[in-house]
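Q: Next comes coords-v7.txt, compact mmCIF, C-alpha atoms:
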# COMPACT_ATOMS: atom_id res chain seq x y z
CA MET G 1355 -16.03 -19.71 6.24
CA ASN G 1356 -16.15 -17.84 2.94
CA ASN G 1357 -12.97 -16.40 1.41
CA TYR G 1358 -14.81 -13.40 -0.03
CA ILE G 1359 -16.12 -12.48 3.42
CA TYR G 1360 -12.55 -12.77 4.76
CA ILE G 1361 -11.39 -10.42 1.98
CA ALA G 1362 -14.25 -7.98 2.71
CA VAL G 1363 -13.34 -7.97 6.43
CA MET G 1364 -9.68 -7.30 5.61
CA PHE G 1365 -10.64 -4.47 3.25
CA ALA G 1366 -13.06 -2.88 5.72
CA VAL G 1367 -10.44 -2.82 8.49
CA SER G 1368 -7.42 -1.72 6.45
CA TYR G 1369 -9.31 1.00 4.55
CA THR G 1370 -10.85 2.34 7.77
CA ILE G 1371 -7.43 2.58 9.43
CA ARG G 1372 -6.08 4.62 6.52
CA ILE G 1373 -9.11 6.79 5.96
CA LEU G 1374 -9.96 7.78 9.55
CA PRO G 1375 -6.98 10.12 10.06
CA LEU G 1376 -7.49 11.63 6.60
CA THR G 1377 -11.18 12.40 7.17
CA LEU G 1378 -12.44 12.46 10.77
CA ILE G 1379 -9.43 12.73 13.08
CA ARG G 1380 -7.50 15.45 11.30
CA LYS G 1381 -5.71 16.58 14.45
CA PRO G 1382 -2.41 14.94 15.44
CA ILE G 1383 -2.68 12.26 18.13
CA LYS G 1384 -1.66 13.94 21.42
CA ASN G 1385 -1.81 11.05 23.89
CA GLN G 1386 1.77 10.02 24.46
CA PHE G 1387 1.05 6.37 25.22
CA ILE G 1388 -1.03 5.87 22.06
CA GLN G 1389 1.50 7.75 20.00
CA SER G 1390 4.40 5.66 21.35
CA PHE G 1391 2.43 2.43 21.03
CA LEU G 1392 1.61 3.14 17.39
CA TYR G 1393 5.22 4.08 16.77
CA TYR G 1394 6.53 0.75 18.07
CA VAL G 1395 3.82 -1.56 16.69
CA PRO G 1396 5.12 -1.88 13.11
CA TYR G 1397 8.64 -2.89 14.12
CA VAL G 1398 7.44 -5.40 16.69
CA THR G 1399 4.77 -6.98 14.52
CA LEU G 1400 7.04 -7.33 11.48
CA ALA G 1401 9.84 -8.77 13.63
CA VAL G 1402 7.47 -11.25 15.27
CA MET G 1403 6.17 -12.36 11.88
CA THR G 1404 9.65 -12.68 10.35
CA PHE G 1405 11.29 -14.93 12.90
CA PRO G 1406 11.11 -17.90 13.29
CA ALA G 1407 8.71 -18.06 10.30
CA ILE G 1408 11.53 -17.40 7.80
CA ILE G 1409 13.40 -20.56 8.83
CA GLU G 1410 10.19 -22.60 8.50
CA ALA G 1411 9.27 -21.23 5.06
CA THR G 1412 12.26 -22.83 3.34
CA GLN G 1413 13.08 -26.46 2.60
CA THR G 1414 15.79 -26.54 5.24
CA PRO G 1415 16.14 -24.24 8.28
CA ILE G 1416 19.76 -23.50 7.27
CA SER G 1417 18.82 -21.67 4.08
CA GLY G 1418 16.12 -19.67 5.88
CA ALA G 1419 18.57 -18.71 8.63
CA ALA G 1420 21.15 -17.65 6.03
CA ALA G 1421 18.51 -15.53 4.28
CA LEU G 1422 17.63 -13.88 7.60
CA VAL G 1423 21.25 -12.96 8.35
CA ALA G 1424 21.93 -11.79 4.78
CA GLY G 1425 18.69 -9.77 4.72
CA ILE G 1426 19.56 -8.03 7.99
CA LEU G 1427 23.09 -7.23 6.78
CA ALA G 1428 21.88 -5.95 3.41
CA ALA G 1429 19.17 -3.77 4.96
CA TRP G 1430 21.67 -2.54 7.55
CA CYS G 1431 23.97 -1.43 4.73
CA GLY G 1432 21.13 0.54 3.18
CA ALA G 1433 19.79 -1.83 0.50
CA GLY G 1434 16.15 -1.16 -0.39
CA LEU G 1435 13.09 -3.36 -0.46
CA PHE G 1436 13.72 -4.98 -3.83
CA PRO G 1437 17.48 -5.74 -3.46
CA VAL G 1438 17.00 -7.18 0.04
CA SER G 1439 14.22 -9.49 -1.17
CA VAL G 1440 16.26 -10.63 -4.17
CA ILE G 1441 19.35 -11.32 -2.05
CA CYS G 1442 17.27 -13.48 0.33
CA CYS G 1443 15.66 -15.44 -2.54
CA VAL G 1444 18.90 -16.06 -4.43
CA LEU G 1445 20.70 -17.18 -1.29
CA VAL G 1446 17.99 -19.70 -0.42
CA PHE G 1447 17.96 -21.02 -3.96
CA VAL G 1448 21.75 -21.44 -4.10
CA ILE G 1449 22.06 -23.04 -0.66
CA GLU G 1450 19.27 -25.49 -1.40
CA LEU G 1451 21.12 -26.65 -4.51
CA PHE G 1452 23.76 -28.04 -2.20
CA VAL G 1453 21.94 -29.02 0.98
CA MET B 1229 7.12 27.06 -0.93
CA GLU B 1230 5.02 27.18 -4.06
CA SER B 1231 3.84 23.76 -5.15
CA SER B 1232 0.72 23.16 -7.16
CA THR B 1233 -1.90 20.77 -5.86
CA LYS B 1234 -3.76 20.70 -9.18
CA PHE B 1235 -3.62 18.19 -11.97
CA SER B 1236 -0.77 18.42 -14.41
CA ARG B 1237 0.59 15.77 -16.71
CA ARG B 1238 4.11 16.49 -15.45
CA VAL B 1239 3.22 15.71 -11.84
CA LEU B 1240 1.43 12.52 -12.83
CA TYR B 1241 4.50 11.41 -14.81
CA GLU B 1242 6.78 12.20 -11.89
CA GLY B 1243 4.66 9.95 -9.73
CA MET B 1244 4.83 7.19 -12.32
CA ARG B 1245 8.60 7.59 -12.59
CA ASP B 1246 9.06 7.27 -8.81
CA GLY B 1247 6.42 4.55 -8.60
CA PHE B 1248 8.08 2.33 -11.20
CA PRO B 1249 10.83 0.84 -8.99
CA ILE B 1250 8.24 0.44 -6.21
CA ALA B 1251 5.93 -1.43 -8.59
CA LEU B 1252 8.81 -3.70 -9.59
CA GLY B 1253 9.55 -4.52 -5.95
CA TYR B 1254 5.85 -5.03 -5.21
CA PHE B 1255 5.53 -7.42 -8.13
CA ALA B 1256 8.35 -9.61 -6.82
CA VAL B 1257 7.22 -9.54 -3.21
CA SER B 1258 3.52 -10.04 -3.94
CA PHE B 1259 4.48 -13.16 -5.85
CA SER B 1260 5.71 -14.55 -2.56
CA LEU B 1261 2.55 -13.28 -0.86
CA GLY B 1262 0.61 -15.28 -3.45
CA ILE B 1263 2.32 -18.43 -2.22
CA ALA B 1264 1.01 -17.67 1.28
CA ALA B 1265 -2.45 -16.97 -0.19
CA ARG B 1266 -2.40 -20.30 -1.99
CA ASN B 1267 -1.65 -22.06 1.31
CA ALA B 1268 -4.72 -20.31 2.72
CA GLY B 1269 -6.82 -21.79 -0.07
CA LEU B 1270 -7.41 -18.60 -2.05
CA THR B 1271 -7.98 -18.81 -5.79
CA PRO B 1272 -5.97 -16.50 -8.10
CA VAL B 1273 -9.04 -14.26 -8.52
CA GLN B 1274 -9.54 -14.06 -4.75
CA GLY B 1275 -5.84 -13.26 -4.29
CA PHE B 1276 -6.12 -10.52 -6.91
CA TRP B 1277 -9.05 -8.89 -5.09
CA ALA B 1278 -7.47 -9.32 -1.65
CA SER B 1279 -4.35 -7.48 -2.81
CA LEU B 1280 -6.13 -4.86 -4.92
CA LEU B 1281 -8.36 -3.96 -1.95
CA ASN B 1282 -5.77 -4.18 0.83
CA ASN B 1283 -2.35 -3.10 -0.48
CA ALA B 1284 -0.67 -4.41 2.65
CA SER B 1285 2.20 -6.88 2.82
CA ALA B 1286 2.26 -7.71 6.52
CA GLY B 1287 -1.48 -7.23 6.96
CA GLU B 1288 -2.39 -9.58 4.14
CA TYR B 1289 0.24 -12.13 5.06
CA ALA B 1290 -0.94 -12.23 8.68
CA ALA B 1291 -4.56 -12.53 7.56
CA PHE B 1292 -3.72 -15.34 5.13
CA THR B 1293 -2.01 -17.37 7.86
CA LEU B 1294 -5.18 -17.01 9.94
CA ILE B 1295 -7.43 -17.91 7.01
CA ALA B 1296 -5.27 -21.00 6.44
CA ALA B 1297 -6.03 -21.95 10.07
CA LYS B 1298 -9.79 -21.45 9.46
CA ALA B 1299 -9.90 -18.57 11.94
CA THR B 1300 -13.03 -16.56 12.70
CA TYR B 1301 -13.82 -13.32 10.83
CA TRP B 1302 -13.29 -11.50 14.12
CA GLU B 1303 -9.72 -12.81 14.46
CA VAL B 1304 -8.93 -11.79 10.88
CA ALA B 1305 -10.26 -8.29 11.63
CA VAL B 1306 -8.05 -7.98 14.74
CA ILE B 1307 -4.86 -9.18 13.03
CA THR B 1308 -5.51 -6.83 10.09
CA LEU B 1309 -5.91 -3.97 12.55
CA ILE B 1310 -2.67 -4.80 14.37
CA ALA B 1311 -0.53 -5.50 11.32
CA ASN B 1312 -1.75 -2.33 9.58
CA ALA B 1313 -1.76 -0.03 12.62
CA ARG B 1314 1.25 1.84 11.30
CA TYR B 1315 -0.83 3.16 8.39
CA LEU B 1316 -2.89 5.08 10.94
CA LEU B 1317 0.23 7.07 11.84
CA MET B 1318 1.19 7.58 8.20
CA SER B 1319 -2.30 8.83 7.36
CA CYS B 1320 -2.10 11.27 10.29
CA ALA B 1321 1.10 12.64 8.81
CA LEU B 1322 -0.41 12.84 5.32
CA ALA B 1323 -3.53 14.58 6.65
CA GLN B 1324 -1.34 17.48 7.78
CA ARG B 1325 -0.05 17.96 4.26
CA PHE B 1326 -3.34 18.38 2.40
CA SER B 1327 -3.95 21.89 1.12
CA PRO B 1328 -7.25 23.37 2.36
CA GLU B 1329 -8.15 23.87 -1.32
CA THR B 1330 -7.77 20.21 -2.24
CA PRO B 1331 -11.26 18.69 -2.73
CA PHE B 1332 -12.32 16.22 -0.06
CA PHE B 1333 -12.63 13.15 -2.32
CA HIS B 1334 -8.85 13.12 -2.80
CA ARG B 1335 -8.51 12.11 0.84
CA LEU B 1336 -10.65 9.05 0.17
CA LEU B 1337 -8.55 8.10 -2.87
CA ILE B 1338 -5.13 8.68 -1.28
CA GLY B 1339 -6.28 6.59 1.71
CA TYR B 1340 -6.76 3.66 -0.63
CA ASP B 1341 -3.03 3.03 -1.02
CA VAL B 1342 -1.15 4.32 2.03
CA THR B 1343 1.80 1.90 2.21
CA ASP B 1344 5.32 2.25 3.59
CA GLU B 1345 6.79 2.98 0.18
CA LEU B 1346 4.07 5.22 -1.29
CA PHE B 1347 3.86 7.15 1.98
CA GLY B 1348 7.64 7.53 1.84
CA ILE B 1349 7.77 9.09 -1.64
CA THR B 1350 4.65 11.24 -1.03
CA ILE B 1351 5.83 12.73 2.26
CA ALA B 1352 9.33 13.32 0.85
CA ARG B 1353 8.00 15.96 -1.56
CA PRO B 1354 8.09 19.53 -0.27
CA GLY B 1355 5.03 21.67 0.40
CA TYR B 1356 1.37 20.73 0.08
CA LEU B 1357 0.61 17.27 -1.20
CA ASN B 1358 -0.33 16.98 -4.87
CA PRO B 1359 -2.59 13.92 -5.02
CA TYR B 1360 -1.86 13.40 -8.72
CA TYR B 1361 1.78 12.66 -7.93
CA THR B 1362 0.70 9.81 -5.64
CA TYR B 1363 -1.92 8.66 -8.16
CA GLY B 1364 0.84 8.29 -10.75
CA ALA B 1365 2.71 5.94 -8.42
CA ILE B 1366 -0.48 4.08 -7.42
CA LEU B 1367 -1.38 3.50 -11.09
CA LEU B 1368 1.70 1.30 -11.39
CA ALA B 1369 2.11 -0.03 -7.86
CA ALA B 1370 -1.44 -1.24 -7.12
CA PRO B 1371 -1.88 -3.38 -10.27
CA ALA B 1372 1.65 -4.80 -9.87
CA TRP B 1373 0.80 -5.84 -6.31
CA ALA B 1374 -2.54 -7.44 -7.24
CA ILE B 1375 -1.35 -9.19 -10.42
CA GLY B 1376 1.80 -10.43 -8.67
CA THR B 1377 -0.33 -11.99 -5.94
CA ALA B 1378 -2.57 -13.75 -8.46
CA LEU B 1379 0.46 -15.01 -10.43
CA GLY B 1380 2.05 -16.23 -7.20
CA ILE B 1381 -1.02 -18.35 -6.52
CA ILE B 1382 -1.01 -19.75 -10.06
CA ALA B 1383 2.75 -20.37 -10.21
CA GLY B 1384 2.90 -21.79 -6.72
CA ASN B 1385 1.27 -24.88 -8.20
CA ALA B 1386 3.43 -25.00 -11.31
CA LEU B 1387 6.91 -24.09 -10.09
CA PRO B 1388 9.37 -26.62 -8.66
CA LEU B 1389 9.39 -26.81 -4.86
CA ARG B 1390 12.90 -25.37 -4.70
CA VAL B 1391 11.87 -22.23 -6.53
CA VAL B 1392 8.78 -21.81 -4.35
CA SER B 1393 11.01 -22.21 -1.31
CA ALA B 1394 13.36 -19.47 -2.54
CA LEU B 1395 10.55 -17.08 -3.49
CA SER B 1396 8.75 -17.53 -0.20
CA VAL B 1397 11.47 -15.57 1.64
CA ALA B 1398 10.97 -12.45 -0.54
CA LEU B 1399 8.25 -11.24 1.80
CA TYR B 1400 10.48 -11.62 4.86
CA GLY B 1401 13.19 -9.74 2.97
CA MET B 1402 10.71 -6.89 2.52
CA PHE B 1403 9.87 -6.94 6.24
CA LEU B 1404 13.60 -6.77 7.08
CA ALA B 1405 14.06 -3.85 4.66
CA ILE B 1406 11.35 -2.00 6.60
CA ILE B 1407 12.49 -2.69 10.18
CA ILE B 1408 16.30 -2.78 9.98
CA PRO B 1409 17.11 0.78 8.79
CA PRO B 1410 15.18 2.41 11.71
CA ALA B 1411 16.74 -0.16 14.08
CA ARG B 1412 20.14 1.01 12.93
CA LYS B 1413 19.27 4.62 13.82
CA ASN B 1414 17.39 3.96 17.05
CA ARG B 1415 18.74 1.67 19.76
CA ILE B 1416 15.34 1.13 21.36
CA VAL B 1417 13.87 -0.07 18.06
CA ALA B 1418 16.91 -2.34 17.59
CA ALA B 1419 16.41 -3.83 21.05
CA LEU B 1420 12.69 -4.31 20.35
CA VAL B 1421 13.43 -6.17 17.13
CA VAL B 1422 15.78 -8.54 18.98
CA ILE B 1423 13.30 -9.02 21.85
CA SER B 1424 10.52 -9.70 19.34
CA PHE B 1425 12.63 -12.33 17.57
CA VAL B 1426 13.48 -14.04 20.86
CA LEU B 1427 9.95 -14.04 22.29
CA SER B 1428 8.42 -15.12 19.00
CA PHE B 1429 10.85 -18.03 18.86
CA ALA B 1430 10.18 -18.91 22.49
CA CYS B 1431 6.41 -18.89 21.97
CA GLU B 1432 6.75 -21.09 18.93
CA TYR B 1433 8.88 -23.81 20.45
CA LEU B 1434 9.17 -23.58 24.21
CA LEU B 1435 6.03 -22.39 25.90
CA GLY B 1436 2.52 -23.74 26.16
CA ILE B 1437 1.24 -20.90 23.96
CA SER B 1438 2.55 -22.77 20.94
CA ALA B 1439 -0.91 -24.32 20.96
CA LEU B 1440 -2.33 -20.94 19.86
CA SER B 1441 -2.42 -20.18 16.15
CA GLY B 1442 0.45 -18.16 14.66
CA GLY B 1443 -1.80 -15.17 14.03
CA THR B 1444 -3.11 -15.07 17.60
CA ARG B 1445 0.43 -15.24 18.96
CA THR B 1446 1.40 -12.35 16.68
CA ILE B 1447 -1.46 -10.25 18.09
CA ILE B 1448 -0.60 -11.03 21.72
CA LEU B 1449 3.14 -10.50 21.33
CA THR B 1450 2.75 -7.28 19.34
CA VAL B 1451 0.35 -5.69 21.81
CA ALA B 1452 2.35 -6.81 24.87
CA ILE B 1453 5.81 -5.81 23.62
CA SER B 1454 4.69 -2.50 22.05
CA ALA B 1455 2.66 -1.51 25.11
CA ALA B 1456 5.60 -2.28 27.43
CA ALA B 1457 7.92 -0.25 25.20
CA ALA B 1458 5.43 2.64 25.06
CA VAL B 1459 5.33 2.76 28.87
CA LEU B 1460 9.08 2.34 29.40
CA PHE B 1461 10.34 4.43 26.46
CA PRO B 1462 7.68 6.99 25.49
CA VAL B 1463 8.33 8.61 22.13
CA LYS B 1464 8.71 12.40 22.15
CA GLN B 1465 6.00 14.44 20.42
CA GLU B 1466 8.29 15.51 17.59
CA ALA B 1467 9.26 11.95 16.68
CA ASP B 1468 8.78 11.22 13.01
CA HIS B 1469 5.74 9.39 11.80
CA GLU B 1470 7.15 6.12 10.62
As structure tokens, how would this structure be written, given the file I've shared?
A:
Amino acid sequence: MNNYIYIAVMFAVSYTIRILPLTLIRKPIKNQFIQSFLYYVPYVTLAVMTFPAIIEATQTPISGAAALVAGILAAWCGAGLFPVSVICCVLVFVIELFV
Amino acid sequence: MESSTKFSRRVLYEGMRDGFPIALGYFAVSFSLGIAARNAGLTPVQGFWASLLNNASAGEYAAFTLIAAKATYWEVAVITLIANARYLLMSCALAQRFSPETPFFHRLLIGYDVTDELFGITIARPGYLNPYYTYGAILLAAPAWAIGTALGIIAGNALPLRVVSALSVALYGMFLAIIIPPARKNRIVAALVVISFVLSFACEYLLGISALSGGTRTIILTVAISAAAAVLFPVKQEADHE
């Protein structure tokens, strides 16, 4: 397995996904199932990838779990991408000073 | 609504102004992506190219976990498709906003960096899309993303374990910042997020599928849960394109 082939495969797929609607399929997607499926996919896939992976990424599960809860609360209160990420990182760092 | 779709220095600067905070966030988060890339065995140069060519947090992260598991090229293609499927919807929305006068090659360039954040600021502007606004933002955001990834791979070796541990949650913070605000507005999305957490946890620890690689489980769970939701709770035609 060659890393550059992996990267080329990733590029080919992600660029095709973005470019198809801008070039060939210029009409809106009408099929309700496909439309609904595509609407739900991002939330499901990001949620699946976040948990339980976040509690395994840190040195102790406790700090990862705390980051998850804090991240959800911060995002719920309207914090953007950068603040939410920083809050999660700082919390893990501080907790792991003590655990 | 009169809005120019031609080049002007002002529009390019506006894009750079709005792209600056995005670039800052990308730099921090891609650093954490670099740590995942390092675990997959990518060199800093490979990480730089992967990020410069893909511009996708979840898509790259998912692919890196599969590469770390020595997956086939086919599996990496499928996970990239699934994790980036939302960009298909965003591009559909952007396609509606191109002026008929805008030359075709701009579609190929804008398609290079359709991400949650750049889509967000582009679609938020009124009238026809001026590609130079988005280019201004891309000029800052794309290099920040690629350089951050490469630095993450380099620093992952040099930094103390505790710092790596803290930085590695930045990416999950970004994922939460994407999924939680819509979950707050839409109860079905909120329920799906909770169901996804629970099933993902169950597959990891309780069921026999824990033998499958993390990436393969992500594909199966995403397709199954999203398809079930699409059948049970179809989205109305007017629903927004996020």
Q: Quote the spacing between CA of Gly1425 (chain G) and CA of Leu1404 (chain B) in Å to one decimal place.
A: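 CA of Leu1404 (chain B) lies at a distance of 6.4 Å from CA of Gly1425 (chain G).
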Q: In the coordinates of the file, take the point (16.0, -8.0, 7.7) and a cut-off of 10 Å; then, counting only C-alpha atoms, name each qualifying protein, DNA or RNA residue as a list in words.
A: Leu1400, Ala1401, Thr1404, Phe1405, Ala1421, Leu1422, Val1423, Ala1424, Gly1425, Ile1426, Leu1427, Ala1428, Ala1429, Trp1430, Leu1435, Val1438, Ser1439 and Cys1442 of chain G; Tyr1400, Gly1401, Met1402, Phe1403, Leu1404, Ala1405, Ile1406, Ile1407, Ile1408, Pro1409 and Val1421 of chain B
Q: Would you mind telling me which residue in G:Gly1432, G:Pro1406, G:Pro1396, G:Pro1415 lies nearest to Val1451 (chain B) when using all atoms listed in the file?
A: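 Checking each of G:Gly1432, G:Pro1406, G:Pro1396, G:Pro1415 against Val1451 (chain B), counting all atoms listed in the file, the winner is G:Pro1396.
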Q: Return the neighbours of chain G among the residues of chain B, cut-off 6 Å, counting all atoms listed in the file, as a ChimeraX atom specification.
A: /B:1253,1278,1281-1282,1314-1316,1319-1320,1323,1335,1339,1393-1395,1397-1398,1400-1403,1405,1407-1409,1421,1424-1425,1428-1429,1450,1454-1455,1458,1462-1463
Q: Can you tell me how far CA of Ile1349 (chain B) sits from CA of Ser1279 (chain B), in Å to one decimal?
A: 20.6 Å
Q: Record the distance separating CA of Lys1298 (chain B) and CA of Leu1270 (chain B), expressed in Å with one decimal.
A: 12.1 Å
Q: Phe1347 (chain B): which residues within 9 Å, counting all atoms listed in the file, same-chain residues fewer than 2 positions away excluded, as a list in words?
A: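 The neighbour list is Tyr1315, Met1318, Ser1319, Leu1322, Asp1341, Val1342, Thr1343, Asp1344, Glu1345, Ile1349, Thr1350, Ile1351, Ala1352 and Thr1362 of chain B.
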Q: Residues near Ala1299 (chain B), anyone? I mean within 9 Å using all atoms listed in the file, not counting same-chain ones fewer than 5 positions away, as a ChimeraX atom specification.
A: /G:1355 /B:1293-1294,1304,1441
Q: Box time for region 1399-1411 of chain G: axis-aligned, enclosing all its listed atoms, 5 Å extra on each side; report centre and edge lengths in Å to one decimal, as AutoDock Vina command-line options.
A:
--center_x 9.1 --center_y -14.8 --center_z 10.2 --size_x 18.6 --size_y 25.6 --size_z 20.2
Q: Kindly extract all protein, DNA and RNA residues lying within 12 Å of the coordinates (5.4, 8.5, -16.5) given in the file, considering all atoms listed in the file, and supply them as a ChimeraX atom specification.
A: /B:1236-1248,1360-1368
Q: Kindly write all heavy atoms of region 1448-1457 of chain B from the structure just given to a file, as an mmCIF file, in the first residue's frame.
A:
data_model
loop_
_atom_site.group_PDB
_atom_site.id
_atom_site.type_symbol
_atom_site.label_atom_id
_atom_site.label_comp_id
_atom_site.auth_asym_id
_atom_site.auth_seq_id
_atom_site.Cartn_x
_atom_site.Cartn_y
_atom_site.Cartn_z
ATOM 1 N N ILE B 1448 -20.896 1.605 7.727
ATOM 2 C CA ILE B 1448 -22.125 0.830 7.925
ATOM 3 C C ILE B 1448 -23.130 1.608 8.769
ATOM 4 O O ILE B 1448 -24.309 1.728 8.405
ATOM 5 C CB ILE B 1448 -21.805 -0.536 8.586
ATOM 6 C CG1 ILE B 1448 -20.956 -1.384 7.630
ATOM 7 C CG2 ILE B 1448 -23.083 -1.271 8.976
ATOM 8 C CD1 ILE B 1448 -20.385 -2.637 8.263
ATOM 9 N N LEU B 1449 -22.666 2.163 9.880
ATOM 10 C CA LEU B 1449 -23.574 2.894 10.769
ATOM 11 C C LEU B 1449 -24.157 4.125 10.079
ATOM 12 O O LEU B 1449 -25.347 4.400 10.190
ATOM 13 C CB LEU B 1449 -22.842 3.324 12.045
ATOM 14 C CG LEU B 1449 -22.659 2.248 13.121
ATOM 15 C CD1 LEU B 1449 -21.827 2.786 14.277
ATOM 16 C CD2 LEU B 1449 -24.009 1.756 13.634
ATOM 17 N N THR B 1450 -23.312 4.872 9.361
ATOM 18 C CA THR B 1450 -23.791 6.086 8.700
ATOM 19 C C THR B 1450 -24.867 5.766 7.683
ATOM 20 O O THR B 1450 -25.933 6.404 7.656
ATOM 21 C CB THR B 1450 -22.624 6.822 8.008
ATOM 22 O OG1 THR B 1450 -21.633 7.145 8.979
ATOM 23 C CG2 THR B 1450 -23.108 8.090 7.343
ATOM 24 N N VAL B 1451 -24.601 4.766 6.834
ATOM 25 C CA VAL B 1451 -25.575 4.427 5.793
ATOM 26 C C VAL B 1451 -26.863 3.914 6.424
ATOM 27 O O VAL B 1451 -27.970 4.334 6.047
ATOM 28 C CB VAL B 1451 -24.972 3.397 4.809
ATOM 29 C CG1 VAL B 1451 -26.034 2.888 3.851
ATOM 30 C CG2 VAL B 1451 -23.809 4.017 4.045
ATOM 31 N N ALA B 1452 -26.740 3.033 7.433
ATOM 32 C CA ALA B 1452 -27.939 2.435 8.034
ATOM 33 C C ALA B 1452 -28.788 3.486 8.752
ATOM 34 O O ALA B 1452 -30.002 3.582 8.526
ATOM 35 C CB ALA B 1452 -27.530 1.327 9.005
ATOM 36 N N ILE B 1453 -28.160 4.295 9.604
ATOM 37 C CA ILE B 1453 -28.925 5.269 10.392
ATOM 38 C C ILE B 1453 -29.522 6.356 9.486
ATOM 39 O O ILE B 1453 -30.695 6.716 9.607
ATOM 40 C CB ILE B 1453 -28.039 5.915 11.487
ATOM 41 C CG1 ILE B 1453 -27.534 4.848 12.478
ATOM 42 C CG2 ILE B 1453 -28.807 6.998 12.243
ATOM 43 C CD1 ILE B 1453 -26.469 5.344 13.444
ATOM 44 N N SER B 1454 -28.721 6.859 8.535
ATOM 45 C CA SER B 1454 -29.216 7.930 7.657
ATOM 46 C C SER B 1454 -30.332 7.439 6.745
ATOM 47 O O SER B 1454 -31.302 8.164 6.491
ATOM 48 C CB SER B 1454 -28.082 8.507 6.797
ATOM 49 O OG SER B 1454 -27.005 8.894 7.587
ATOM 50 N N ALA B 1455 -30.199 6.195 6.251
ATOM 51 C CA ALA B 1455 -31.235 5.645 5.379
ATOM 52 C C ALA B 1455 -32.534 5.454 6.166
ATOM 53 O O ALA B 1455 -33.620 5.792 5.688
ATOM 54 C CB ALA B 1455 -30.777 4.314 4.770
ATOM 55 N N ALA B 1456 -32.430 4.937 7.390
ATOM 56 C CA ALA B 1456 -33.620 4.749 8.224
ATOM 57 C C ALA B 1456 -34.289 6.097 8.486
ATOM 58 O O ALA B 1456 -35.509 6.234 8.370
ATOM 59 C CB ALA B 1456 -33.238 4.074 9.542
ATOM 60 N N ALA B 1457 -33.472 7.113 8.805
ATOM 61 C CA ALA B 1457 -34.030 8.435 9.078
ATOM 62 C C ALA B 1457 -34.676 9.028 7.829
ATOM 63 O O ALA B 1457 -35.719 9.679 7.904
ATOM 64 C CB ALA B 1457 -32.933 9.375 9.595
#
